[in-house]
Amino acid sequence: MTVPNWVQDAIFYQIFPDRFHLGNPENKSSRLQAWGSEPNNKGFMGGALLGIIQKFDYLLDLGINAIYLNPIFSSAANHRYHTNDYYKIDPTLGTMADFKSLLEVAHQNNVKVILDGVFNHTGRGFFAFNDVLENGPQSRYLDWYHVNNFPLNAFSEGKAENYQAWWNIKDLPKLNTDTKAVREYLMDVAKYWIEQGADGWRLDVPSEIDDDEFWEEFRSVVKSVNPEAYIVGEIWELDPRWVGDKHFDGLMHYPLRNAVFDLLVGGNPIHGFADKIENFQSVYPKENVMVMYLALGSHDPRRLINKFEGSVDKVKLATMIQFSYPGAPAIYYGDEVGMDGGEDPDNRRSFSWNENDWNHDLRAYFKKLIQIRKNSAALRRGDFKRIYIEEGGSVYAYARILGDEKVLIAINADENEKSIELPVNELGWENGIEMENLLSGDRYGINDGKIRINLPPWGGLMIG
């Protein structure tokens, strides 16, 4: 295997650091937004690394065993994708000592921590871009960027015209990774944070650096420090180019997320959904399929509950599919308690620690799915097999199989209840035995090689 062994067993929790927990309430800058106020693109609410440590018992109680942190390096933006210093923890988040403390707490509890790497572009406050702004054509760092003309007009309204920027956004000047010094700098950053104890990198828009040699070197540098470090790329399409021993271990599996939304929101037929998610597994080598990062919610789209127009049943069904599919499922902070939010930046609200604001039934469901997955090697590492599909209907059943362990998953993508018989002979389940619904504890007998189940509207079962 060339992928980290631990990722198949991982259940990630994505934290947007400015919005998870204050951690240091004495750091009450008058310029911080009030916790719980309406988020905007400019304001900081003061979430901190110490806040994550203080709420670590919450994460452990939920059951997750891996954390993906949105960027934590010095930045002028609350999302911190505008990096000013890749070697410095943003002061509002804390210090290097706080980061080391977080890693210590995490690792003592067998929780991995991966960082967000933004290597395609910097912020305008990055030392090299600042030098270009100050010194113009005489800058020592002119070849660190793609400069067309002067003046750069980096702070005026409108799109970037005199230099390349991500999506022509002026505050995101694009690095020139063909420049040797830039490559050396970024490789050192990649190595440095793994040396500090981070367990991997989530790579922001890596296809913007369209250079196979760059990413081969990046992988080599990271793996030279920790062969078990996880490298996952934000690639939006199905594209096998980006996985393997010269690129990334896994990808953020947006095609799966889109397929789930198309089924439960868009009304796509169940047969097309089944064909699609089964085909996904043939696009990549199996070892990479097993370590894909499976996210339904994130800091980019509307919140999960909003995407499903308030339907908790659809949130549950989508999450059950996510947790029973090959790869590492990921929870966006707050989705487990039904946190709502519209388009960016409303999807980045501060987490409410008032439990009266939580959907406790939904959180209990997330906890149950996490427990089931942790207890089932078949769900984490097993093969995927279609068992049944209802022609012209809404029911799809598949199994995860690892040796003698089998888990049968059945979903009903319809507003009406369904009663159905599923064939189970090929799972080796014999007549007369009883199987358990892992979610509810209900038991089902097997007769004539079939198991009769009732599927609620927009519901599903996991039987093993």
# chains A, B, ... in the order shown; residues from 1 in each chain; ligands from 1

call {"tool": "select_by_dssp", "arguments": {"residues": "range 193-302 of chain A", "states": "helix (DSSP H, G or I)", "output": "ChimeraX atom specification"}}
result
/A:193-195,206-208,212-225,240-242,254-264,270-283,286-289

call {"tool": "closest_residue", "arguments": {"among": "A:Glu434, A:Leu172, A:Pro39, A:Ile11", "to": "Gln322 in chain A", "atoms": "only C-alpha atoms"}}
result
A:Ile11

call {"tool": "residues_around", "arguments": {"residues": "Glu208 in chain A", "least_positions_apart": "3", "cutoff": "9 Å", "atoms": "only C-alpha atoms", "output": "ChimeraX atom specification"}}
result
/A:120,166,205,211

call {"tool": "residues_around", "arguments": {"residues": "range 332-342 of chain A", "least_positions_apart": "2", "cutoff": "6 Å", "atoms": "only C-alpha atoms", "output": "PyMOL selection string"}}
result
chain A and resi 13-15+297-298+302-303+305+346-347+358-359+362-363

call {"tool": "write_last_selection", "arguments": {"atoms": "all heavy atoms", "output": "compact mmCIF listing (two decimals), in the first residue's frame"}}
result
# COMPACT_ATOMS: atom_id res chain seq x y z
N TYR A 13 -13.71 15.36 11.37
CA TYR A 13 -14.54 16.48 11.80
C TYR A 13 -13.84 17.74 11.31
O TYR A 13 -12.71 18.02 11.70
CB TYR A 13 -14.67 16.49 13.32
CG TYR A 13 -15.73 17.42 13.87
CD1 TYR A 13 -17.07 17.04 13.93
CD2 TYR A 13 -15.40 18.68 14.36
CE1 TYR A 13 -18.04 17.87 14.46
CE2 TYR A 13 -16.36 19.53 14.89
CZ TYR A 13 -17.68 19.12 14.95
OH TYR A 13 -18.65 19.95 15.47
N GLN A 14 -14.52 18.48 10.43
CA GLN A 14 -13.92 19.70 9.86
C GLN A 14 -14.25 20.89 10.75
O GLN A 14 -15.41 21.17 11.05
CB GLN A 14 -14.43 19.97 8.45
CG GLN A 14 -13.83 21.24 7.85
CD GLN A 14 -14.47 21.65 6.54
OE1 GLN A 14 -15.19 20.88 5.92
NE2 GLN A 14 -14.20 22.88 6.10
N ILE A 15 -13.20 21.61 11.14
CA ILE A 15 -13.37 22.78 12.01
C ILE A 15 -12.93 24.04 11.27
O ILE A 15 -11.81 24.12 10.77
CB ILE A 15 -12.56 22.62 13.31
CG1 ILE A 15 -13.15 21.48 14.15
CG2 ILE A 15 -12.55 23.92 14.11
CD1 ILE A 15 -12.37 21.19 15.42
N GLY A 297 -21.15 18.22 3.89
CA GLY A 297 -21.11 19.64 4.20
C GLY A 297 -19.69 20.15 4.23
O GLY A 297 -18.75 19.38 4.44
N SER A 298 -19.50 21.44 4.02
CA SER A 298 -18.18 22.06 4.13
C SER A 298 -18.36 23.57 4.22
O SER A 298 -19.50 24.08 4.25
CB SER A 298 -17.28 21.70 2.94
OG SER A 298 -17.61 22.49 1.81
N ARG A 302 -24.10 25.82 1.06
CA ARG A 302 -25.08 25.97 2.14
C ARG A 302 -24.96 24.82 3.12
O ARG A 302 -24.53 23.72 2.78
CB ARG A 302 -26.50 25.99 1.56
CG ARG A 302 -26.90 27.26 0.87
CD ARG A 302 -28.33 27.14 0.35
NE ARG A 302 -28.45 26.17 -0.74
CZ ARG A 302 -29.57 25.59 -1.12
NH1 ARG A 302 -30.71 25.85 -0.45
NH2 ARG A 302 -29.60 24.75 -2.13
N ARG A 303 -25.41 25.07 4.33
CA ARG A 303 -25.41 24.04 5.36
C ARG A 303 -26.27 22.85 4.92
O ARG A 303 -27.21 22.98 4.15
CB ARG A 303 -25.96 24.60 6.67
CG ARG A 303 -24.94 25.41 7.44
CD ARG A 303 -24.04 24.49 8.21
NE ARG A 303 -22.99 25.21 8.94
CZ ARG A 303 -22.14 24.62 9.75
NH1 ARG A 303 -22.21 23.30 9.95
NH2 ARG A 303 -21.20 25.30 10.35
N ILE A 305 -28.53 21.02 6.48
CA ILE A 305 -29.96 21.09 6.76
C ILE A 305 -30.66 22.05 5.81
O ILE A 305 -31.82 21.85 5.43
CB ILE A 305 -30.22 21.49 8.24
CG1 ILE A 305 -31.68 21.25 8.62
CG2 ILE A 305 -29.81 22.92 8.49
CD1 ILE A 305 -32.05 19.81 8.79
N ASP A 346 -22.68 32.78 5.35
CA ASP A 346 -23.65 32.38 6.36
C ASP A 346 -23.46 30.93 6.79
O ASP A 346 -23.93 30.53 7.85
CB ASP A 346 -25.08 32.57 5.81
CG ASP A 346 -26.14 32.50 6.88
OD1 ASP A 346 -25.95 33.15 7.94
OD2 ASP A 346 -27.14 31.81 6.68
N ASN A 347 -22.76 30.16 5.97
CA ASN A 347 -22.48 28.76 6.31
C ASN A 347 -21.34 28.63 7.31
O ASN A 347 -20.93 27.52 7.64
CB ASN A 347 -22.16 27.95 5.05
CG ASN A 347 -21.04 28.58 4.23
OD1 ASN A 347 -20.52 29.64 4.57
ND2 ASN A 347 -20.66 27.93 3.15
N TRP A 358 -29.48 22.83 20.00
CA TRP A 358 -29.09 21.64 19.26
C TRP A 358 -30.30 20.77 18.94
O TRP A 358 -31.27 20.70 19.70
CB TRP A 358 -28.12 20.78 20.07
CG TRP A 358 -26.81 21.43 20.41
CD1 TRP A 358 -26.37 22.67 20.05
CD2 TRP A 358 -25.78 20.85 21.23
NE1 TRP A 358 -25.13 22.90 20.57
CE2 TRP A 358 -24.74 21.81 21.30
CE3 TRP A 358 -25.63 19.64 21.89
CZ2 TRP A 358 -23.56 21.57 22.02
CZ3 TRP A 358 -24.46 19.41 22.60
CH2 TRP A 358 -23.45 20.35 22.66
N ASN A 359 -30.20 20.07 17.81
CA ASN A 359 -31.12 18.98 17.51
C ASN A 359 -30.49 17.71 18.09
O ASN A 359 -29.60 17.11 17.49
CB ASN A 359 -31.31 18.83 16.00
CG ASN A 359 -32.33 17.78 15.64
OD1 ASN A 359 -32.39 16.71 16.25
ND2 ASN A 359 -33.14 18.05 14.63
N LEU A 362 -30.78 14.39 16.12
CA LEU A 362 -29.85 14.30 14.99
C LEU A 362 -28.45 13.97 15.49
O LEU A 362 -27.75 13.13 14.91
CB LEU A 362 -29.85 15.61 14.20
CG LEU A 362 -29.03 15.62 12.91
CD1 LEU A 362 -29.52 14.54 11.95
CD2 LEU A 362 -29.10 16.99 12.25
N ARG A 363 -28.03 14.63 16.57
CA ARG A 363 -26.70 14.35 17.10
C ARG A 363 -26.59 12.90 17.56
O ARG A 363 -25.55 12.25 17.34
CB ARG A 363 -26.37 15.29 18.26
CG ARG A 363 -24.92 15.16 18.75
CD ARG A 363 -24.56 16.21 19.80
NE ARG A 363 -23.15 16.12 20.13
CZ ARG A 363 -22.65 15.31 21.06
NH1 ARG A 363 -23.46 14.50 21.74
NH2 ARG A 363 -21.35 15.28 21.29

call {"tool": "closest_atom_pairs", "arguments": {"of": "range 4-109 of chain A", "to": "range 180-197 of chain A", "cutoff": "8 Å", "atoms": "only C-alpha atoms", "output": "tab-separated table"}}
result
residue	atom	partner	partner_atom	distance
A:Tyr86	CA	A:Val189	CA	6.7
A:Tyr87	CA	A:Val189	CA	7.0
A:Lys100	CA	A:Gln196	CA	7.7
A:Leu103	CA	A:Gly197	CA	6.9

call {"tool": "write_last_selection", "arguments": {"atoms": "N, CA and C atoms", "output": "PDB file, in the first residue's frame"}}
result
ATOM      1  N   TYR A  86       3.347  31.516   6.228  1.00  0.00           N
ATOM      2  CA  TYR A  86       3.083  30.077   6.288  1.00  0.00           C
ATOM      3  C   TYR A  86       3.736  29.409   7.499  1.00  0.00           C
ATOM      4  N   TYR A  87       4.614  30.101   8.182  1.00  0.00           N
ATOM      5  CA  TYR A  87       5.321  29.516   9.320  1.00  0.00           C
ATOM      6  C   TYR A  87       4.759  29.984  10.665  1.00  0.00           C
ATOM      7  N   LYS A 100       0.929  23.010  19.436  1.00  0.00           N
ATOM      8  CA  LYS A 100       1.567  21.797  19.951  1.00  0.00           C
ATOM      9  C   LYS A 100       0.693  21.156  21.035  1.00  0.00           C
ATOM     10  N   LEU A 103      -2.109  19.296  19.295  1.00  0.00           N
ATOM     11  CA  LEU A 103      -1.623  18.024  18.758  1.00  0.00           C
ATOM     12  C   LEU A 103      -1.408  17.007  19.863  1.00  0.00           C
TER      13      LEU A 103
END

call {"tool": "residues_around", "arguments": {"residues": "Asn288 in chain A", "least_positions_apart": "5", "cutoff": "9 Å", "atoms": "only C-alpha atoms", "output": "PDB file with C-alpha atoms, in the first residue's frame"}}
result
ATOM      1  CA  THR A   2       1.108   3.548  -0.746  1.00  0.00           C
ATOM      2  CA  VAL A   3      -1.730   5.178   1.213  1.00  0.00           C
ATOM      3  CA  VAL A 243      -4.148   9.921  -7.112  1.00  0.00           C
ATOM      4  CA  GLY A 244      -1.296   7.483  -6.805  1.00  0.00           C
ATOM      5  CA  PHE A 248      -2.316  12.345  -3.603  1.00  0.00           C
ATOM      6  CA  ASP A 249      -3.591   9.532  -1.422  1.00  0.00           C
ATOM      7  CA  GLY A 250      -7.214  10.560  -1.852  1.00  0.00           C
ATOM      8  CA  LEU A 251      -9.481  13.340  -3.080  1.00  0.00           C
ATOM      9  CA  GLY A 327     -13.737   6.193   2.121  1.00  0.00           C
TER      10      GLY A 327
END

call {"tool": "residues_around", "arguments": {"residues": "Phe273 in chain A", "least_positions_apart": "6", "cutoff": "9 Å", "atoms": "only C-alpha atoms", "output": "list in words"}}
result
Ala259, Val260, Asp262 and Leu263 of chain A

call {"tool": "write_last_selection", "arguments": {"atoms": "C-alpha atoms", "output": "PDB file, in the first residue's frame"}}
result
ATOM      1  CA  ALA A 259     -24.858  12.304  -6.585  1.00  0.00           C
ATOM      2  CA  VAL A 260     -26.476  12.200  -3.132  1.00  0.00           C
ATOM      3  CA  ASP A 262     -29.117  14.932  -7.062  1.00  0.00           C
ATOM      4  CA  LEU A 263     -30.970  11.936  -5.667  1.00  0.00           C
TER       5      LEU A 263
END

call {"tool": "closest_residue", "arguments": {"among": "A:Lys316, A:Arg241, A:Arg373, A:His79", "to": "Leu304 in chain A", "atoms": "only C-alpha atoms"}}
result
A:Lys316

call {"tool": "atom_distance", "arguments": {"atom1": "CA of Ile114 in chain A", "atom2": "CA of Asn168 in chain A"}}
result
28.5 Å

call {"tool": "atom_distance", "arguments": {"atom1": "CA of Leu69 in chain A", "atom2": "CA of Trp35 in chain A"}}
result
19.5 Å

call {"tool": "select_by_dssp", "arguments": {"residues": "range 241-274 of chain A", "states": "strand (DSSP E or B)", "output": "ChimeraX atom specification"}}
result
/A:243,248,250-252

call {"tool": "residues_around", "arguments": {"residues": "Leu422 in chain A", "least_positions_apart": "3", "cutoff": "8 Å", "atoms": "only C-alpha atoms", "output": "PyMOL selection string"}}
result
chain A and resi 387-388+397+450-453

call {"tool": "decode", "arguments": {"residues": "range 70-98 of chain A", "atoms": "N, CA, C and O atoms", "output": "PDB file, in the first residue's frame"}}
result
ATOM      1  N   ASN A  70      -9.503  24.033   8.767  1.00  0.00           N
ATOM      2  CA  ASN A  70      -9.325  25.075   7.758  1.00  0.00           C
ATOM      3  C   ASN A  70      -8.075  25.882   8.127  1.00  0.00           C
ATOM      4  O   ASN A  70      -7.595  25.798   9.258  1.00  0.00           O
ATOM      5  N   PRO A  71      -7.523  26.685   7.206  1.00  0.00           N
ATOM      6  CA  PRO A  71      -6.206  27.294   7.431  1.00  0.00           C
ATOM      7  C   PRO A  71      -6.043  27.966   8.790  1.00  0.00           C
ATOM      8  O   PRO A  71      -6.955  28.647   9.276  1.00  0.00           O
ATOM      9  N   ILE A  72      -4.858  27.762   9.369  1.00  0.00           N
ATOM     10  CA  ILE A  72      -4.557  28.317  10.698  1.00  0.00           C
ATOM     11  C   ILE A  72      -3.384  29.291  10.658  1.00  0.00           C
ATOM     12  O   ILE A  72      -2.991  29.829  11.697  1.00  0.00           O
ATOM     13  N   PHE A  73      -2.827  29.545   9.467  1.00  0.00           N
ATOM     14  CA  PHE A  73      -1.650  30.401   9.388  1.00  0.00           C
ATOM     15  C   PHE A  73      -2.046  31.871   9.315  1.00  0.00           C
ATOM     16  O   PHE A  73      -3.179  32.223   8.972  1.00  0.00           O
ATOM     17  N   SER A  74      -1.090  32.727   9.641  1.00  0.00           N
ATOM     18  CA  SER A  74      -1.325  34.165   9.706  1.00  0.00           C
ATOM     19  C   SER A  74      -1.966  34.679   8.426  1.00  0.00           C
ATOM     20  O   SER A  74      -1.511  34.394   7.319  1.00  0.00           O
ATOM     21  N   SER A  75      -3.055  35.441   8.588  1.00  0.00           N
ATOM     22  CA  SER A  75      -3.831  35.884   7.429  1.00  0.00           C
ATOM     23  C   SER A  75      -4.665  37.099   7.808  1.00  0.00           C
ATOM     24  O   SER A  75      -4.986  37.322   8.983  1.00  0.00           O
ATOM     25  N   ALA A  76      -5.036  37.867   6.797  1.00  0.00           N
ATOM     26  CA  ALA A  76      -5.915  39.014   7.003  1.00  0.00           C
ATOM     27  C   ALA A  76      -7.379  38.650   6.796  1.00  0.00           C
ATOM     28  O   ALA A  76      -8.243  39.529   6.830  1.00  0.00           O
ATOM     29  N   ALA A  77      -7.674  37.378   6.572  1.00  0.00           N
ATOM     30  CA  ALA A  77      -9.043  36.943   6.303  1.00  0.00           C
ATOM     31  C   ALA A  77      -9.497  35.973   7.388  1.00  0.00           C
ATOM     32  O   ALA A  77      -8.710  35.172   7.897  1.00  0.00           O
ATOM     33  N   ASN A  78     -10.787  36.019   7.743  1.00  0.00           N
ATOM     34  CA  ASN A  78     -11.280  35.127   8.792  1.00  0.00           C
ATOM     35  C   ASN A  78     -11.231  33.663   8.374  1.00  0.00           C
ATOM     36  O   ASN A  78     -11.176  32.773   9.216  1.00  0.00           O
ATOM     37  N   HIS A  79     -11.250  33.410   7.059  1.00  0.00           N
ATOM     38  CA  HIS A  79     -11.119  32.022   6.581  1.00  0.00           C
ATOM     39  C   HIS A  79      -9.663  31.617   6.426  1.00  0.00           C
ATOM     40  O   HIS A  79      -9.355  30.447   6.284  1.00  0.00           O
ATOM     41  N   ARG A  80      -8.779  32.602   6.383  1.00  0.00           N
ATOM     42  CA  ARG A  80      -7.324  32.408   6.358  1.00  0.00           C
ATOM     43  C   ARG A  80      -6.810  31.702   5.103  1.00  0.00           C
ATOM     44  O   ARG A  80      -5.742  31.090   5.133  1.00  0.00           O
ATOM     45  N   TYR A  81      -7.537  31.817   4.022  1.00  0.00           N
ATOM     46  CA  TYR A  81      -7.006  31.342   2.747  1.00  0.00           C
ATOM     47  C   TYR A  81      -6.117  32.396   2.093  1.00  0.00           C
ATOM     48  O   TYR A  81      -5.509  32.135   1.056  1.00  0.00           O
ATOM     49  N   HIS A  82      -6.037  33.587   2.682  1.00  0.00           N
ATOM     50  CA  HIS A  82      -5.148  34.661   2.223  1.00  0.00           C
ATOM     51  C   HIS A  82      -3.890  34.635   3.095  1.00  0.00           C
ATOM     52  O   HIS A  82      -3.741  35.433   4.018  1.00  0.00           O
ATOM     53  N   THR A  83      -2.987  33.704   2.846  1.00  0.00           N
ATOM     54  CA  THR A  83      -1.867  33.481   3.755  1.00  0.00           C
ATOM     55  C   THR A  83      -0.865  34.635   3.714  1.00  0.00           C
ATOM     56  O   THR A  83      -0.397  35.034   2.649  1.00  0.00           O
ATOM     57  N   ASN A  84      -0.510  35.114   4.907  1.00  0.00           N
ATOM     58  CA  ASN A  84       0.546  36.131   5.035  1.00  0.00           C
ATOM     59  C   ASN A  84       1.866  35.533   5.493  1.00  0.00           C
ATOM     60  O   ASN A  84       2.925  36.052   5.152  1.00  0.00           O
ATOM     61  N   ASP A  85       1.796  34.463   6.301  1.00  0.00           N
ATOM     62  CA  ASP A  85       3.018  33.835   6.806  1.00  0.00           C
ATOM     63  C   ASP A  85       2.731  32.361   7.040  1.00  0.00           C
ATOM     64  O   ASP A  85       1.967  32.000   7.942  1.00  0.00           O
ATOM     65  N   TYR A  86       3.347  31.516   6.228  1.00  0.00           N
ATOM     66  CA  TYR A  86       3.083  30.077   6.288  1.00  0.00           C
ATOM     67  C   TYR A  86       3.736  29.409   7.499  1.00  0.00           C
ATOM     68  O   TYR A  86       3.449  28.247   7.789  1.00  0.00           O
ATOM     69  N   TYR A  87       4.614  30.101   8.182  1.00  0.00           N
ATOM     70  CA  TYR A  87       5.321  29.516   9.320  1.00  0.00           C
ATOM     71  C   TYR A  87       4.759  29.984  10.665  1.00  0.00           C
ATOM     72  O   TYR A  87       5.262  29.586  11.710  1.00  0.00           O
ATOM     73  N   LYS A  88       3.725  30.806  10.644  1.00  0.00           N
ATOM     74  CA  LYS A  88       3.225  31.412  11.875  1.00  0.00           C
ATOM     75  C   LYS A  88       1.738  31.122  12.064  1.00  0.00           C
ATOM     76  O   LYS A  88       0.940  31.307  11.144  1.00  0.00           O
ATOM     77  N   ILE A  89       1.391  30.650  13.260  1.00  0.00           N
ATOM     78  CA  ILE A  89      -0.014  30.511  13.613  1.00  0.00           C
ATOM     79  C   ILE A  89      -0.629  31.906  13.686  1.00  0.00           C
ATOM     80  O   ILE A  89      -0.033  32.830  14.233  1.00  0.00           O
ATOM     81  N   ASP A  90      -1.826  32.066  13.130  1.00  0.00           N
ATOM     82  CA  ASP A  90      -2.469  33.374  13.201  1.00  0.00           C
ATOM     83  C   ASP A  90      -2.646  33.768  14.669  1.00  0.00           C
ATOM     84  O   ASP A  90      -3.164  32.988  15.470  1.00  0.00           O
ATOM     85  N   PRO A  91      -2.206  34.985  15.052  1.00  0.00           N
ATOM     86  CA  PRO A  91      -2.239  35.372  16.470  1.00  0.00           C
ATOM     87  C   PRO A  91      -3.614  35.287  17.114  1.00  0.00           C
ATOM     88  O   PRO A  91      -3.727  35.000  18.313  1.00  0.00           O
ATOM     89  N   THR A  92      -4.681  35.539  16.352  1.00  0.00           N
ATOM     90  CA  THR A  92      -6.019  35.440  16.926  1.00  0.00           C
ATOM     91  C   THR A  92      -6.343  33.997  17.305  1.00  0.00           C
ATOM     92  O   THR A  92      -7.095  33.745  18.250  1.00  0.00           O
ATOM     93  N   LEU A  93      -5.764  33.049  16.580  1.00  0.00           N
ATOM     94  CA  LEU A  93      -5.982  31.632  16.894  1.00  0.00           C
ATOM     95  C   LEU A  93      -5.121  31.163  18.053  1.00  0.00           C
ATOM     96  O   LEU A  93      -5.478  30.206  18.745  1.00  0.00           O
ATOM     97  N   GLY A  94      -3.958  31.802  18.243  1.00  0.00           N
ATOM     98  CA  GLY A  94      -3.080  31.384  19.318  1.00  0.00           C
ATOM     99  C   GLY A  94      -1.631  31.381  18.910  1.00  0.00           C
ATOM    100  O   GLY A  94      -1.195  32.160  18.046  1.00  0.00           O
ATOM    101  N   THR A  95      -0.871  30.486  19.494  1.00  0.00           N
ATOM    102  CA  THR A  95       0.583  30.427  19.318  1.00  0.00           C
ATOM    103  C   THR A  95       1.003  29.032  18.875  1.00  0.00           C
ATOM    104  O   THR A  95       0.192  28.096  18.863  1.00  0.00           O
ATOM    105  N   MET A  96       2.282  28.916  18.552  1.00  0.00           N
ATOM    106  CA  MET A  96       2.806  27.596  18.231  1.00  0.00           C
ATOM    107  C   MET A  96       2.663  26.658  19.431  1.00  0.00           C
ATOM    108  O   MET A  96       2.376  25.460  19.273  1.00  0.00           O
ATOM    109  N   ALA A  97       2.817  27.203  20.639  1.00  0.00           N
ATOM    110  CA  ALA A  97       2.640  26.374  21.835  1.00  0.00           C
ATOM    111  C   ALA A  97       1.215  25.846  21.919  1.00  0.00           C
ATOM    112  O   ALA A  97       0.989  24.688  22.301  1.00  0.00           O
ATOM    113  N   ASP A  98       0.224  26.676  21.540  1.00  0.00           N
ATOM    114  CA  ASP A  98      -1.167  26.222  21.528  1.00  0.00           C
ATOM    115  C   ASP A  98      -1.361  25.103  20.511  1.00  0.00           C
ATOM    116  O   ASP A  98      -2.083  24.130  20.760  1.00  0.00           O
TER     117      ASP A  98
END
